[in-house]
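Some notes on the structure that comes next.
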Amino acid sequence: MTSTTIPPTKTPLTQRLLQRAHSRTLSASLYADKIHQKPVLLRPSSTPLPSTNSRTHRQHIRSLAEEKARKRKRKPAPLSAKEKRTLGVYEIPKEERKYAIYEGLWRMWCSYIREILGISPTASSGGESQKPKTIYVTPASAGPILASADFHGAKITCVRSGCAGRVGMEGIVVRDTKFTFVIVNKRNEIKTVPKEGAVFRFEVPLADDGEVRGDAGDKVDVEHKADEAKNGVNSEKDSRAKLVFELHGEQFKNRAVDRANKKFKMHIPPDL
């Protein structure tokens with residue numbers, strides 16, 4: 001009489017892996033309920049081989065080429081603040097740090113301010129300029145206009161500041177940033193004055209050295225000598241007349257491009 005031995009059944013790989021984490025009974029039940037007779041995807045995210053599915057492979061290569069071409073046509077990302085400081089985008093060259101260079105910019109700014117305030121001379125039908133009508137510049141009328149104006153080219157003086165060393169600093173604004181005024185003074189030096197806690201004063205002359213320009217660009221006198229004798233007006237005195245404004249830096253803590261679209265709201269600073 002011969003005896004036959006039944007060879008042990010080979011445990012599947014997935015069940016052996018489950019036995020490493022769970023008990024034999026729990027692993028057997030998990031295997032029977034959720035894994036037995038179900039396909040196991042060993043490489044679900046791998047790229048199909050060209051030999052197995054050449055059409056899918058060609059589509060994948062084509063989509064990668066299209067994405068690469070789309071990235072090349074895309075606009076480059078803007079520079080960060082750190083990259084701008086490293087490259088010196090806003091740095092003024094030493095040969096351009098001269099007060100005389102920006103005096104022409106100041107004269108242009110004075111014409112711009114007179115125009116938006118409505119006090120610039122108007123041209124007559126004969127081509128000559130006439131003095132504007134009498135206009136009363138008040139805080140209620142000029143305040144909202146100056147609050148949205150551009151101060152690049154203004155000649156400002158710091159008359160009040162939390163730091164005593166900044167009081168008296170004077171120059172032409174070459175950069176109007178969100179929190180500072182960058183000015184060039186008469187000693188050809190670049191200075192940065194913070195707006196916070198500071199009061200700035202600037203003057204707007206009513207005329208450019210006693211003369212204004214007509215539409216044709218020719219210089220004409222503000223007042224003819226005959227009119228001066230008739231009306232008793234001194235043109236030298238009128239040319240020296242100025243409008244003096246004081247600017248609170250706390251009210252201007254934003255960029256010039258943002259001020260143009262910002263609605264002015266009048267409120268009293270707490271430090272006054």
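Labels for the structure tokens follow display order: chains A, B, ..., residues from 1 in each chain, ligands from 1.
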Legend entry - Shell of 10 Å around A:Lys178, only C-alpha atoms, local chain residues under 3 positions omitted, as a count of residues only: 12
Inset, instruction - Please provide the set of residues having any atom within 12 Å of A:Ala147, restricted to only C-alpha atoms, with same-chain residues fewer than 4 positions apart removed, written as JSON, numbers by chain. - result: {"A": [113, 116, 117, 139, 140, 141, 142, 143, 151, 245, 246, 247, 248, 249, 250, 251, 252, 253, 254, 255, 256, 257, 258, 259, 260, 261, 262, 263, 264, 265, 266]}
Legend entry - Nearest-residue call for A:Trp106, choices A:Lys155, A:Lys68, A:Arg85, A:Lys73, using only C-alpha atoms: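 Between A:Lys155, A:Lys68, A:Arg85, A:Lys73, the residue approaching A:Trp106 most closely is A:Lys155.
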Inset, instruction - From a DSSP calculation on the backbone, collect every residue of stretch 16-175 of chain A in strand (DSSP E) and output the set as a PyMOL selection string. - result: chain A and resi 122-123+129-130+155-160+170-175
Inset, instruction - Between atom CA of A:Val167 and atom CA of A:Gly153, measure the distance and give it in Å to one decimal. - result: 19.8 Å
Inset, instruction - Go through A:Thr14, A:Thr56, A:Thr177, A:Thr25 and flag the residue nearest A:Gln37, using only C-alpha atoms for the distances. - result: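 Smallest distance to A:Gln37 is found for A:Thr14.
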Legend entry - Long-range neighbours of stretch 90-104 of chain A as a PyMOL selection string, 9 Å cut-off, only C-alpha atoms, 6 positions minimum in chain: chain A and resi 84+153+171-175+184-190
Legend entry - Nearest to A:Ala28, chosen from A:Gln15, A:Gly88, A:Arg201, A:Arg58, with only C-alpha atoms counted in the distances: A:Gln15
Inset, instruction - Go through stretch 22-114 of chain A and collect every residue that DSSP, computed from the backbone, puts in helix (DSSP H, G or I); the answer should be as a ChimeraX atom specification. - result: /A:24-35,54-73,81-87,94-96,99-114
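When the distance limit is 9 Å and only C-alpha atoms are what count, the residues near stretch 158-166 of chain A, minus those fewer than 3 positions from it on the same chain, are Met169, Glu170, Val193, Lys195, Glu196, Gly197, Ala198, Val199, Phe200, Arg201 and Glu246 of chain A.
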